[in-house]
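Read through the structure below, which is laid out as C-alpha cells, and then see the notes.
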There are 4 protein chains.
Amino acid sequence: MAGNSFGTIFRLTTFGESHGSAIGGIIDGCPAGLEIDFDAIQSELDRRKPGQSQLTTSRKETDRVEWLSGIFEGRTTGTPIGFQIQNSDSKSTDYDHLKSAYRPSHADYTYDAKYGFRDHRGGGRSSARETACRVVAGGIARQLLATEGIRACAYVDRVQNIAMKGAPQFYPRSIVDQASVRCPDMHVAQAMEKRILEVRTQGDTLGGSVVAVLSGVPAGWGEPVFDKLQAVLAHAMWSLPAVKAMEIGSGIEGSHMVGTKHNDIWVQQDDKKAHTQTNHSGGIQGGISNGEDIVLRIAFKPVSTVMHPQPSIDQEGNAVEVVGKGRHDPCVLPRAVPLVEAMAMLVLVDAWLKNRTVRLS
Amino acid sequence: MAGNSFGTIFRLTTFGESHGSAIGGIIDGCPAGLEIDFDAIQSELDRRKPGQSQLTTSRKETDRVEWLSGIFEGRTTGTPIGFQIQNSDSKSTDYDHLKSAYRPSHADYTYDAKYGFRDHRGGGRSSARETACRVVAGGIARQLLATEGIRACAYVDRVQNIAMKGAPQFYPRSIVDQASVRCPDMHVAQAMEKRILEVRTQGDTLGGSVVAVLSGVPAGWGEPVFDKLQAVLAHAMWSLPAVKAMEIGSGIEGSHMVGTKHNDIWVQQDDKKAHTQTNHSGGIQGGISNGEDIVLRIAFKPVSTVMHPQPSIDQEGNAVEVVGKGRHDPCVLPRAVPLVEAMAMLVLVDAWLKNRTVRLS
Amino acid sequence: MAGNSFGTIFRLTTFGESHGSAIGGIIDGCPAGLEIDFDAIQSELDRRKPGQSQLTTSRKETDRVEWLSGIFEGRTTGTPIGFQIQNSDSKSTDYDHLKSAYRPSHADYTYDAKYGFRDHRGGGRSSARETACRVVAGGIARQLLATEGIRACAYVDRVQNIAMKGAPQFYPRSIVDQASVRCPDMHVAQAMEKRILEVRTQGDTLGGSVVAVLSGVPAGWGEPVFDKLQAVLAHAMWSLPAVKAMEIGSGIEGSHMVGTKHNDIWVQQDDKKAHTQTNHSGGIQGGISNGEDIVLRIAFKPVSTVMHPQPSIDQEGNAVEVVGKGRHDPCVLPRAVPLVEAMAMLVLVDAWLKNRTVRLS
Amino acid sequence: MAGNSFGTIFRLTTFGESHGSAIGGIIDGCPAGLEIDFDAIQSELDRRKPGQSQLTTSRKETDRVEWLSGIFEGRTTGTPIGFQIQNSDSKSTDYDHLKSAYRPSHADYTYDAKYGFRDHRGGGRSSARETACRVVAGGIARQLLATEGIRACAYVDRVQNIAMKGAPQFYPRSIVDQASVRCPDMHVAQAMEKRILEVRTQGDTLGGSVVAVLSGVPAGWGEPVFDKLQAVLAHAMWSLPAVKAMEIGSGIEGSHMVGTKHNDIWVQQDDKKAHTQTNHSGGIQGGISNGEDIVLRIAFKPVSTVMHPQPSIDQEGNAVEVVGKGRHDPCVLPRAVPLVEAMAMLVLVDAWLKNRTVRLS
C-alpha cells in the first residue's frame with residue numbers, strides 16, 4: 001500500500017536509496033520452470049546504466065545483479081526471486097550542500113512534507129536509481145512473454161522539438177540502439193544528439209518523448225472496468241520519474257477527428273483472425289487487447305538538475321541559491337527507453353497470468 | 001483483481017450491465033461519522049445522466065440512488081455502503097441486430113475474445129452506464145474531502161479543435177455549468193455547442209479534452225515509487241471510457257522546454273508556506289503533492305457509435321454492415337466532466353487516508 | 001482493507017446490516033461460462049436461514065436471492081455478480097431497550113469503541129445475518145469446484161459434551177441433514193437435540209464443534225509461506241462469528257504424539273497416485289494440499305444472547321441490566337454447518353484459480 | 001498473491017531458501033520517525049536461531065541482519081526497509097540422498113506437485129529458515145507498538161502431555177527465558193526439558209503448545225467482517241510451520257460451557273474504562289479488540305524429521321527408506337515462542353495503522 005510494489009500476480013517489490021549500500025527487490029509470483037538467460041537481463045541493465053555514453057551522467061555503476069533466491073539449477077522455482085545491486089559509486093558528499101535546501105522541481109520538499117525528514121543523499125529513495133530494479137524484473141517478464149511470442153520495443157521519437165515523422169512502428173533493438181540516443185531514424189538521431197550535447201554545454205537539460213510498441217499480444221488481455229489494460233499501462237508509465245503526458249494509439253490527434261474517421265474497421269484476414277484496418281485504438285478496446293500492436297507515447301520533462309544557480313528556499317524558509325553538482329543526465333530520454341519497455345513487460349506479464357483465470361476451462 | 005474495484009482504503013467495487021435490472025456498488029472503508037448530503041450526490045448524478053440536454057443521448061434514466069447500508073441516522077457508520085440504481089429505460093431490442101456483429105471501436109470483439117461470449121445488450125458491462133456508480137462514490141469522497149478544504153473542478157476546454165485559451169484554473173461549478181457543454185468560457189462554449197449540433201445532424205461524433213484542477217490538496221499526499229500520485233490519477237482517468245491522452249502540469253508543451261525554464265522556483269510566501277512561482281509540475285513532485293493546484297488534461301476520442309453504416313465482420317468472420325441505432329451521445333465531453341471529478345475525488349480520498357499512516361505520530 | 005471482502009481472484013465483497021433494507025454482495029472474478037443452478041444456491045440458503053427448525057431462532061426470512069448482474073442467459077459472463085437479499089422480518093423495536101446498553105460478549109462496546117457510534121438495531125453489521133451473503137457466494141464456488149470433482153461436507157460432531165466417536169469422514173448431505181441438528185450419527189443427534197431443547201427452556205445456550213471434510217482436492221493447491229492453505233482456511237473459519245478454536249488433521253491430539261507415530265507414511269496405490277497411510281496432516285503439507293481429504297474441526301462458543309437478566313453497563317458507564325429479547329438461536333451449530341462449507345468453498349475456489357498461474361505452461 | 005507477503009499497510013515480503021546464499025525481506029509501510037534499537041532486534045533473532053541450547057538443532061547460524069535501506073541516521077524514513085541474513089552454515093550435501101525421495105510429513109511431495117520441481121536442499125523454501133525474516137519484521141513492529149504501550153509475551157505451556165496449570169497470564173521475558181524450554185514455571189520447565197532430551201536420545205520428536213498474551217491493546221482494533229482481529233491472528237499463526245490447532249480465550253473448553261456462564265460481564269472500573277469480569281472472549285468481541293488481554297494458544301505437531309528409518313516413496317513411486325540426517329530440533333516449541341510473538345506483532349501493527357483511518361477525524 002505504501003507504493004513500493006507493482007503487479008498483482010507477478011509482483012515486484014523494491015527497496016533502496018541512491019546512496020545506501022544496495023538497491024534490490026523481490027519478484028513474487030513468477031511461474032516455475034523458466035530457464036533464465038542471465039546475460040540478457042544484464043544487457044537490459046546495461047542499457048539503463050549511467051555512463052554508457054556522452055549523453056548520460058558520468059556516474060559509474062557496474063549494476064551487477066546478485067540473484068539471492070527463487071532460482072535453482074538455472075530455472076525459476078515458483079518461489080520468490082530476491083535480488084540486489086550494490087551501490088558502488090555513490091558520492092554522498094556531492095549532496096552535503098543540499099542537506100537543507102529544496103532543489104527546484106525535485107522531491108526534496110515533498111518528501112520532507114510527507115515523512116517529516118528525508119535521506120537527502122542523491123535524492124534518497126526519490127532518485128531514479130530505483131528504476132534499475134524495474135529493469136531486472138522487466139527482464140524476467142520479457143523472457144516469460146517471449147514464450148508467448150510477445151515483443152516490446154521502445155525508442156526515442158522526439159527530443160525537444162526534433163521529432164521523427166510517420167506512424168509508430170516496431171523496430172528491432174539492433175536498429176534502436178544504433179544511435180546512443182536510441183532513435184531508430186539515424187538522421188533524426190544525429191540531430192537529437194547534437195542538440196543534447198549543445199544544451200549540456202550550456203549546463204541546461206532537455207525533454208522529449210518515447211514511443212512504445214508492444215507486439216504479439218493476443219486479443220483478450222486486460223481487466224475492465226477499473227483495470228483496463230490502458231489504465232494499468234498508464235499507472236506503470238506514470239510511475240516513472242519525469243513523465244508529463246501519455247497517449248495511446250491516435251492520441252491527442254485522435255481527439256480532433258470525427259467518429260466516422262476515427263473508428264477502426266474490422267476485417268477478416270487470411271490468417272482467419274479479425275484485424276482492424278487502422279489502429280487508432282492503439283491495440284486496446286474496452287480495456288481489453290484486440291490483437292493489434294499496442295502503441296503508446298510518453299513525454300518526459302527536461303531534467304531538473306541544471307548546472308546553473310537557481311534561487312530557492314531551505315527547510316526554514318530562508319532564501320538560498322542551489323546549483324547542480326554531482327553527475328547528471330542532460331536528457332533522460334535514451335535511458336528512459338529500457339524503463340518504458342520494462343514497465344510495459346511488467347504490465348503484460350501480469351495481464352497474461354490474470355487471463356488464465358477468467359474462463360471456466 | 002478482476003478489475004471492478006478501485007482504491008485501497010476507501011475502496012469502491014461496482015457491478016452491473018447496461019441492460020440488466022440494476023447497477024450498483026459497495027464502498028468499503030468510508031470513515032465513520034460523515035453526515036451525508038444525499039441531495040448533493042443526486043445532483044452529481046444529474047450532471048452525468050443521459051438526456052440532460054440536446055448535446056446528450058436521449059436515453060432517459062432517473063438515476064435515483066437507493067442506499068442499502070452503512071448509513072445510520074444520516075451518518076456513515078464505518079461499515080460498507082451498499083447502493084444501487086435501477087435501470088429503467090433500457091431498450092434491449094435496439095441491440096438485437098448487433099448480437100453477433102462486432103461494432104467498430106467498441107468492446108464487442110474483445111469481450112468475446114476474453115470471456116468466450118458476452119451480454120450484447122447495450123454493450124453489457126462495457127457500457128459507460130457503469131460510470132454512474134463512480135459518481136456516487138466520488139460524491140461521498142468529495143464530501144469527505146470538503147472537510148479538509150479540498151475542491152475539485154473539471155471543465156471542457158476543447159471540443160475537436162475549438163479550444164479555450166490561457167492557463168487552466170479553478171472555476172466554481174456555477175460557472176462551469178452555465179453552458180450545457182460545460183466550458184466556462186461562454187464564447188468558446190457557444191462555438192462548441194454549435195459544432196456538436198452540426199456534427200450530430202451529420203450522424204457523426206466528436207472528441208476533445210477536459211481539464212481538472214484539484215485545489216487545496218496539502219503537501220505530502222501520494223505514495224512513491226509505484227503509486228506516485230500522478231500514477232494513481234493516471235490509472236483513474238485512463239479507466240474511463242474513450243480516453244486517448246493525459247497530461248499533467250506543463251504536459252507535452254513542457255517536454256519542449258529546457259530545464260532552466262521548466263523548473264518551478266520555490267518561494268516563501270506570507271502564509272509561511274512554501275510555494276512555487278510557476279506550476280509546471282502540476283502540483284506533484286516525486287509522486288507527492290506539493291501544495292499547489294493539481295492540474296490534469298484528459299483527451300477523449302470521438303464517440304464510436306455513429307449514425308452511418310460502417311462495414312464490419314460478425315462472430316463467424318462474415319462481412320456485415322453495422323449502423324448505430326439506439327440513443328447515443330454525439331460528444332461525451334460534457335458528461336465526462338463529472339466522471340473526471342469523481343475519479344479525482346476517489347484518488348484523493350484514498351491518498352488522504354493512506355497519508356494518516358506514514359508517520360510514527 | 002476494511003474487512004468486507006474475502007478472496008483474491010474469486011473475491012466476495014458484502015454489505016448490509018441486520019435491520020437495514022437489504023444485505024448483499026458482489027462476486028468479482030468468477031470465471032465465465034458456468035451454468036448456474038439457482039435452486040441449488042437457494043437450497044444452501046435454506047440450510048442457513050432462521051426458523052428452519054425448533055432448534056433455531058423464530059425470525060422468519062425468506063432469504064430469496066435477487067441476481068442483479070454478471071449472469072446472462074443462465075451463465076456467468078466473467079463480469080461482477082451483484083446480488084441482494086431483502087430484510088423482510090426485522091423487528092428493530094426489539095432492540096430499542098439496548099440502544100445504549102452493552103450486551104455481554106456481543107460487539108456493542110467494541111463497535112462503539114472503534115467507530116464512535118453504531119447502528120444498534122439487531123447488532124447492525126455485527127449480526128450474523130451477513131453470513132447469508134457468504135452462503136450465496138459459497139454456493140457459486142461449490143458449483144465451480146464441482147466441475148473439478150471437489151466436494152465439501154460439514155457436520156456437527158459435538159454439542160456441549162455430547163460428541164460423535166471415531167475419525168472424521170465424508171458424509172453425503174442426505175445423511176447430514178437427516179437430523180435437524182446436522183449430526184450424521186442419529187443416536188448422537190437425538191441426544192444433542194434433546195439437550196438443546198432443554199437448555200432453550202432454561203433460557204440458556206450451548207456451543208460445540210463442527211467438522212469439515214473437503215474431498216477431491218488435488219495435490220498442489222495453496223500458496224506458501226504466508227498463505228498456506230491451512231492459514232487461509234483458518235482466516236476464513238475464524239472470520240465466522242463465535243469461533244473459539246480450530247484444529248486440522250490430528251489437531252491437539254496430534255500435538256501429544258511423538259514424531260515417529262505422527263508422520264504420515266507415503267505409499268503408492270493402484271491409481272498410481274501417492275497416498276498417505278494415515279492423514280494426521282489433514283490433507284495439507286507445507287501449506288500445500290497433498291491430495292488427501294482436508295479435515296478441519298471448528299469449535300463455537302455458546303450463543304451470547306440468553307433469556308436471563310445479566311448485569312452490564314451502558315455507554316456512560318452506568319450499571320444496567322440486560323435481558324435477551326427478540327428471536328435467537330439456543331445453539332448456532334446446526335446453522336454453522338452451511339457457513340463452514342461456504343467458507344471452505346471460497347478458500348478452495350481461490351486456491352484453484354491461483355494455482356493456474358504458478359507454472360510456465 | 002503468491003503468498004510471500006503479510007500485512008496490508010505494514011507489509012512484509014520475504015525471500016530465500018534454506019541453502020541459498022541469503023534470506024531476507026522488505027518491510028513496506030513502516031511509519032517514518034522510529035528510532036530503531038538494532039540490538040533488540042538482534043536479540044529477538046537470537047531467541048529463534050539454531051544451536052542456542054541442547055534442546056535445538058546444532059546448525060550454527062550467526063543470523064546477523066544486514067540493513068540495506070529505509071533507515072537514515074538510525075531512524076526509519078518511511079521508505080521500504082530492505083534487509084538480509086546470510087546463510088553461513090548450510091550443508092547441502094546432507095540432503096543429497098533425499099533429492100528424489102519424499103520425506104514423510106514434509107513438503108517434498110507437495111512442492112513437486114505444485115511447481116513441477118523443487119530445490120530439495122534443506123527443504124528449500126519450505127524450510128523454517130524463512131521464519132527468521134518474520135522475527136526481524138516482528139521486532140520492528142514490536143518497537144512501533146511499544147510507543148503505544150503494547151507488549152507481547154509468548155511461552156511454552158505444554159510439551160507433549162507436560163502442561164502448566166492455571167489461566168494464561170503475561171510473563172516478562174526474563175521469566176520466560178529462565179529455562180531453555182521457555183516455560184515460565186520452573187518446575188514444569190524442568191520436566192519438559194527432561195522429556196525432550198529423553199526423546200531426542202531415542203531419535204524421536206515432540207509437540208506441544210505455546211500461549212500468547214498480548215497486553216495493552218486498546219479497544220477498537222480489528223476489521224469486521226472478514227478480517228476480524230482473531231481471523232487475521234489465525235491467518236498469521238497458521239502460516240507458521242507445524243501448527244495443528246489454535247484457540248482463543250476460553251477455547252475448546254469454552255465451547256463446553258453454557259451461555260450464562262460463558263458471557264463476560266461488563267463492569268466500570270476505577271480507571272473509568274469498561275472492563276470484563278472474566279475474559280472468555282480472549283480480548284476480542286465481534287472481531288474487534290475490547291481492551292482486555294488478547295489470549296491465544298497454538299498447538300504444534302512433533303517435528304517430522306526423526307532419526308529413525310521410515311518407509312516412503314520417491315518421485316517415480318518406488319519404495320524407499322528415508323532416515324533423518326542433518327541437524328534438527330527434537331521439539332520446535334522453544335524456538336516457536338519468538339515466532340508466535342513476531343506474528344502477533346505483525347498483526348497488531350497493521351491493525352493499529354488501519355485503525356487510524358476508520359473515523360472522520
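Scheme for the C-alpha cells: letters A, B, ... for chains in order shown; per-chain residue numbers from 1; ligand numbers from 1 in order shown.
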Surrounding residues of stretch 268-271 of chain A excluding itself and chain neighbours under 6 positions, 12 Å, only C-alpha atoms, as a list in words: Gln277 of chain A; Tyr102, Pro311, Ser312, Ile313, Asp314, Gln315, Glu316, Gly317, Asn318, Ala319 and Val320 of chain B
Output N, CA, C and O atoms for every residue in the selection just made, as a PDB file, in the first residue's frame.
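What ended up in part17.pdb:
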```
ATOM      1  N   GLN A 277      -8.427  -2.206 -39.841  1.00  0.00           N
ATOM      2  CA  GLN A 277      -7.736  -1.572 -40.966  1.00  0.00           C
ATOM      3  C   GLN A 277      -6.817  -0.456 -40.505  1.00  0.00           C
ATOM      4  O   GLN A 277      -5.768  -0.228 -41.073  1.00  0.00           O
TER       5      GLN A 277
ATOM      6  N   TYR B 102     -19.671  -7.244 -34.770  1.00  0.00           N
ATOM      7  CA  TYR B 102     -18.682  -6.501 -33.989  1.00  0.00           C
ATOM      8  C   TYR B 102     -18.689  -5.043 -34.417  1.00  0.00           C
ATOM      9  O   TYR B 102     -18.221  -4.703 -35.510  1.00  0.00           O
ATOM     10  N   PRO B 311     -18.767  -0.818 -42.500  1.00  0.00           N
ATOM     11  CA  PRO B 311     -18.502  -2.238 -42.723  1.00  0.00           C
ATOM     12  C   PRO B 311     -17.868  -2.857 -41.477  1.00  0.00           C
ATOM     13  O   PRO B 311     -17.156  -2.191 -40.737  1.00  0.00           O
ATOM     14  N   SER B 312     -18.158  -4.127 -41.271  1.00  0.00           N
ATOM     15  CA  SER B 312     -17.517  -4.837 -40.158  1.00  0.00           C
ATOM     16  C   SER B 312     -17.592  -6.333 -40.439  1.00  0.00           C
ATOM     17  O   SER B 312     -17.870  -6.750 -41.570  1.00  0.00           O
ATOM     18  N   ILE B 313     -17.350  -7.133 -39.396  1.00  0.00           N
ATOM     19  CA  ILE B 313     -17.482  -8.587 -39.510  1.00  0.00           C
ATOM     20  C   ILE B 313     -18.316  -9.079 -38.337  1.00  0.00           C
ATOM     21  O   ILE B 313     -18.531  -8.359 -37.360  1.00  0.00           O
ATOM     22  N   ASP B 314     -18.792 -10.321 -38.458  1.00  0.00           N
ATOM     23  CA  ASP B 314     -19.509 -10.890 -37.317  1.00  0.00           C
ATOM     24  C   ASP B 314     -18.662 -11.995 -36.671  1.00  0.00           C
ATOM     25  O   ASP B 314     -17.500 -12.184 -37.033  1.00  0.00           O
ATOM     26  N   GLN B 315     -19.276 -12.694 -35.695  1.00  0.00           N
ATOM     27  CA  GLN B 315     -18.512 -13.673 -34.935  1.00  0.00           C
ATOM     28  C   GLN B 315     -17.913 -14.782 -35.789  1.00  0.00           C
ATOM     29  O   GLN B 315     -16.904 -15.381 -35.428  1.00  0.00           O
ATOM     30  N   GLU B 316     -18.548 -15.052 -36.927  1.00  0.00           N
ATOM     31  CA  GLU B 316     -18.023 -16.100 -37.810  1.00  0.00           C
ATOM     32  C   GLU B 316     -17.055 -15.534 -38.849  1.00  0.00           C
ATOM     33  O   GLU B 316     -16.552 -16.274 -39.697  1.00  0.00           O
ATOM     34  N   GLY B 317     -16.851 -14.243 -38.819  1.00  0.00           N
ATOM     35  CA  GLY B 317     -15.914 -13.654 -39.769  1.00  0.00           C
ATOM     36  C   GLY B 317     -16.565 -13.193 -41.069  1.00  0.00           C
ATOM     37  O   GLY B 317     -15.886 -12.735 -41.987  1.00  0.00           O
ATOM     38  N   ASN B 318     -17.892 -13.281 -41.147  1.00  0.00           N
ATOM     39  CA  ASN B 318     -18.597 -12.802 -42.332  1.00  0.00           C
ATOM     40  C   ASN B 318     -18.635 -11.276 -42.355  1.00  0.00           C
ATOM     41  O   ASN B 318     -18.768 -10.640 -41.307  1.00  0.00           O
ATOM     42  N   ALA B 319     -18.558 -10.731 -43.550  1.00  0.00           N
ATOM     43  CA  ALA B 319     -18.683  -9.285 -43.695  1.00  0.00           C
ATOM     44  C   ALA B 319     -20.115  -8.862 -43.388  1.00  0.00           C
ATOM     45  O   ALA B 319     -21.077  -9.494 -43.849  1.00  0.00           O
ATOM     46  N   VAL B 320     -20.277  -7.826 -42.586  1.00  0.00           N
ATOM     47  CA  VAL B 320     -21.609  -7.287 -42.274  1.00  0.00           C
ATOM     48  C   VAL B 320     -21.523  -5.759 -42.311  1.00  0.00           C
ATOM     49  O   VAL B 320     -20.436  -5.187 -42.411  1.00  0.00           O
TER      50      VAL B 320
END
```
All strand (DSSP E or B) residues (DSSP, backbone) inside stretch 97-273 of chain C, as a PyMOL selection string: chain C and resi 101+151-159+162-163+206+208-215+223+227+243-248+266-268
Selection: 7 Å around stretch 195-208 of chain A, only C-alpha atoms, excl. self and same-chain fewer than 5 positions, as a ChimeraX atom specification: /A:55,158-160,299-303,306-308,330-331,333 /B:255-260
How about saving the chosen residues, N, CA and C atoms kept, as a compact mmCIF listing (two decimals), in the first residue's frame?
```txt
# COMPACT_ATOMS: atom_id res chain seq x y z
N LEU A 55 25.97 11.05 -23.65
CA LEU A 55 24.67 11.70 -23.42
C LEU A 55 24.18 11.54 -22.00
N ARG A 158 11.22 11.79 -30.08
CA ARG A 158 11.35 13.26 -30.06
C ARG A 158 12.27 13.68 -28.92
N VAL A 159 13.18 14.62 -29.24
CA VAL A 159 13.95 15.32 -28.21
C VAL A 159 13.66 16.80 -28.43
N GLN A 160 13.15 17.43 -27.41
CA GLN A 160 12.67 18.81 -27.53
C GLN A 160 11.74 18.90 -28.75
N ALA A 299 5.68 11.33 -22.83
CA ALA A 299 6.52 12.53 -22.84
C ALA A 299 7.20 12.73 -21.49
N PHE A 300 8.47 13.11 -21.54
CA PHE A 300 9.26 13.34 -20.32
C PHE A 300 9.71 14.79 -20.26
N LYS A 301 9.75 15.32 -19.08
CA LYS A 301 10.17 16.70 -18.89
C LYS A 301 11.69 16.80 -18.99
N PRO A 302 12.20 18.02 -19.17
CA PRO A 302 13.65 18.21 -19.08
C PRO A 302 14.13 17.91 -17.67
N VAL A 303 15.33 17.36 -17.56
CA VAL A 303 15.90 17.01 -16.26
C VAL A 303 15.94 18.24 -15.35
N VAL A 306 20.05 21.29 -13.17
CA VAL A 306 20.76 22.08 -14.19
C VAL A 306 22.03 22.64 -13.56
N MET A 307 23.00 22.98 -14.41
CA MET A 307 24.29 23.44 -13.89
C MET A 307 24.33 24.96 -13.80
N HIS A 308 23.18 25.54 -13.51
CA HIS A 308 23.06 26.98 -13.30
C HIS A 308 22.59 27.24 -11.89
N PRO A 330 21.91 15.16 -19.10
CA PRO A 330 21.33 16.34 -19.74
C PRO A 330 19.95 16.03 -20.35
N CYS A 331 19.65 14.75 -20.52
CA CYS A 331 18.39 14.35 -21.16
C CYS A 331 18.14 12.90 -20.78
N LEU A 333 15.96 10.82 -21.94
CA LEU A 333 15.25 10.00 -22.92
C LEU A 333 15.95 8.70 -23.28
N SER B 255 7.52 19.29 -22.27
CA SER B 255 8.60 18.43 -22.75
C SER B 255 9.38 19.08 -23.91
N HIS B 256 8.91 20.26 -24.34
CA HIS B 256 9.65 21.03 -25.35
C HIS B 256 10.54 22.11 -24.71
N MET B 257 10.41 22.31 -23.42
CA MET B 257 11.16 23.38 -22.75
C MET B 257 12.55 22.88 -22.30
N VAL B 258 13.41 23.83 -21.97
CA VAL B 258 14.68 23.45 -21.34
C VAL B 258 14.50 23.49 -19.82
N GLY B 259 15.38 22.79 -19.14
CA GLY B 259 15.25 22.62 -17.69
C GLY B 259 15.25 23.94 -16.92
N THR B 260 16.10 24.87 -17.32
CA THR B 260 16.17 26.14 -16.58
C THR B 260 14.86 26.91 -16.65
```
Residue nearest B:Gly29 - candidates D:Glu223, D:Ser43, D:Ser281, D:Met246, atoms counted: only C-alpha atoms: D:Glu223
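Among the candidates D:Thr79, D:Gly20, D:Asp46, D:Ile265, the residue lying nearest to chain B is D:Thr79 (atoms considered: only C-alpha atoms).
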Contact set, chain A to chain D: 6 Å, only C-alpha atoms, as number ranges by chain: A: 1-2, 9, 15-16, 21-22, 29, 32, 68-69, 80, 82, 115
Picked from stretch 96-322 of chain A by DSSP as alpha helix (DSSP H), as a PyMOL selection string: chain A and resi 108-115+131-146+173-176+186-201+229-238+251-254+259-262
Contacts of stretch 174-177 of chain D within 10 Å, only C-alpha atoms, excl. fewer than 3 positions in-chain, as a PyMOL selection string: chain D and resi 47+153-156+170-171+180-186+189+334+337
File dump, residues just selected, all heavy atoms, as a compact mmCIF listing (two decimals), in the first residue's frame:
```
# COMPACT_ATOMS: atom_id res chain seq x y z
N ARG D 47 16.88 -15.46 19.94
CA ARG D 47 15.92 -16.38 20.57
C ARG D 47 15.42 -17.43 19.58
O ARG D 47 14.94 -18.48 20.00
CB ARG D 47 14.70 -15.61 21.09
CG ARG D 47 15.01 -14.63 22.19
CD ARG D 47 13.72 -13.95 22.65
NE ARG D 47 13.03 -14.68 23.71
CZ ARG D 47 11.72 -14.66 23.90
NH1 ARG D 47 10.95 -13.99 23.07
NH2 ARG D 47 11.18 -15.33 24.89
N CYS D 153 3.77 -11.32 24.88
CA CYS D 153 4.51 -12.36 25.59
C CYS D 153 4.01 -13.71 25.10
O CYS D 153 2.82 -13.92 24.95
CB CYS D 153 4.28 -12.19 27.08
SG CYS D 153 4.04 -13.71 28.00
N ALA D 154 4.95 -14.60 24.79
CA ALA D 154 4.55 -15.97 24.48
C ALA D 154 5.43 -16.90 25.29
O ALA D 154 6.54 -16.52 25.71
CB ALA D 154 4.70 -16.26 22.99
N TYR D 155 4.91 -18.07 25.56
CA TYR D 155 5.70 -19.06 26.32
C TYR D 155 5.15 -20.45 26.04
O TYR D 155 4.01 -20.61 25.59
CB TYR D 155 5.65 -18.75 27.82
CG TYR D 155 4.27 -18.66 28.41
CD1 TYR D 155 3.60 -19.79 28.90
CD2 TYR D 155 3.61 -17.43 28.49
CE1 TYR D 155 2.32 -19.69 29.44
CE2 TYR D 155 2.34 -17.33 29.03
CZ TYR D 155 1.70 -18.46 29.50
OH TYR D 155 0.43 -18.38 30.03
N VAL D 156 5.98 -21.44 26.32
CA VAL D 156 5.58 -22.83 26.13
C VAL D 156 4.75 -23.26 27.34
O VAL D 156 5.23 -23.21 28.48
CB VAL D 156 6.82 -23.74 25.98
CG1 VAL D 156 6.42 -25.21 25.90
CG2 VAL D 156 7.62 -23.33 24.75
N PHE D 170 0.35 -12.81 31.55
CA PHE D 170 1.52 -12.17 30.98
C PHE D 170 2.74 -12.43 31.86
O PHE D 170 2.71 -12.18 33.06
CB PHE D 170 1.29 -10.66 30.85
CG PHE D 170 2.35 -9.98 30.04
CD1 PHE D 170 2.17 -9.78 28.69
CD2 PHE D 170 3.55 -9.59 30.62
CE1 PHE D 170 3.16 -9.19 27.92
CE2 PHE D 170 4.55 -8.99 29.86
CZ PHE D 170 4.35 -8.79 28.50
N TYR D 171 3.81 -12.92 31.25
CA TYR D 171 5.09 -13.09 31.96
C TYR D 171 6.14 -12.23 31.27
O TYR D 171 6.23 -12.25 30.03
CB TYR D 171 5.56 -14.54 31.90
CG TYR D 171 4.68 -15.51 32.65
CD1 TYR D 171 3.71 -16.25 31.99
CD2 TYR D 171 4.84 -15.70 34.02
CE1 TYR D 171 2.90 -17.15 32.66
CE2 TYR D 171 4.04 -16.61 34.71
CZ TYR D 171 3.06 -17.33 34.03
OH TYR D 171 2.26 -18.21 34.70
N SER D 180 15.57 -22.94 29.22
CA SER D 180 15.79 -23.05 27.77
C SER D 180 14.51 -23.39 27.03
O SER D 180 14.31 -23.00 25.88
CB SER D 180 16.80 -24.15 27.46
OG SER D 180 18.04 -23.84 28.03
N VAL D 181 13.60 -24.09 27.69
CA VAL D 181 12.39 -24.53 27.00
C VAL D 181 11.35 -23.42 26.90
O VAL D 181 10.36 -23.53 26.22
CB VAL D 181 11.81 -25.78 27.71
CG1 VAL D 181 11.15 -25.39 29.03
CG2 VAL D 181 10.83 -26.53 26.82
N ARG D 182 11.63 -22.32 27.61
CA ARG D 182 10.76 -21.13 27.58
C ARG D 182 9.38 -21.38 28.19
O ARG D 182 8.37 -20.89 27.69
CB ARG D 182 10.64 -20.55 26.17
CG ARG D 182 11.94 -20.02 25.65
CD ARG D 182 11.83 -18.90 24.66
NE ARG D 182 13.15 -18.31 24.50
CZ ARG D 182 14.06 -18.70 23.59
NH1 ARG D 182 13.78 -19.65 22.75
NH2 ARG D 182 15.23 -18.12 23.52
N CYS D 183 9.38 -22.16 29.27
CA CYS D 183 8.17 -22.28 30.09
C CYS D 183 8.43 -21.52 31.38
O CYS D 183 9.45 -21.75 32.04
CB CYS D 183 7.90 -23.76 30.38
SG CYS D 183 6.59 -23.99 31.60
N PRO D 184 7.55 -20.60 31.75
CA PRO D 184 7.84 -19.72 32.90
C PRO D 184 7.71 -20.41 34.25
O PRO D 184 8.12 -19.85 35.26
CB PRO D 184 6.82 -18.59 32.75
CG PRO D 184 5.72 -19.16 31.93
CD PRO D 184 6.32 -20.20 31.05
N ASP D 185 7.13 -21.61 34.27
CA ASP D 185 7.04 -22.34 35.55
C ASP D 185 8.24 -23.28 35.62
O ASP D 185 8.32 -24.27 34.88
CB ASP D 185 5.72 -23.13 35.56
CG ASP D 185 5.54 -23.95 36.83
OD1 ASP D 185 6.53 -24.54 37.32
OD2 ASP D 185 4.41 -24.03 37.32
N MET D 186 9.17 -23.00 36.52
CA MET D 186 10.45 -23.71 36.51
C MET D 186 10.31 -25.21 36.76
O MET D 186 11.06 -26.01 36.20
CB MET D 186 11.42 -23.08 37.51
CG MET D 186 12.00 -21.74 37.05
SD MET D 186 12.81 -21.82 35.39
CE MET D 186 14.35 -22.65 35.83
N ALA D 189 9.01 -26.61 33.61
CA ALA D 189 10.06 -26.47 32.60
C ALA D 189 11.08 -27.60 32.71
O ALA D 189 11.51 -28.17 31.71
CB ALA D 189 10.74 -25.11 32.75
N PRO D 334 10.39 -24.35 21.93
CA PRO D 334 11.14 -23.19 22.46
C PRO D 334 11.43 -22.15 21.38
O PRO D 334 11.38 -20.95 21.64
CB PRO D 334 12.44 -23.82 22.98
CG PRO D 334 12.17 -25.29 23.13
CD PRO D 334 11.08 -25.64 22.16
N VAL D 337 8.38 -19.84 20.20
CA VAL D 337 7.95 -18.71 21.04
C VAL D 337 8.22 -17.36 20.37
O VAL D 337 7.30 -16.54 20.23
CB VAL D 337 8.60 -18.81 22.45
CG1 VAL D 337 8.53 -17.49 23.19
CG2 VAL D 337 7.93 -19.93 23.24
```
Long-range neighbours of stretch 140-152 of chain B as a ChimeraX atom specification, 9 Å cut-off, only C-alpha atoms, 3 positions minimum in chain: /B:10,30-31,34-37,40-41,135-137,170,212-218,341-342,344-350,352 /D:360
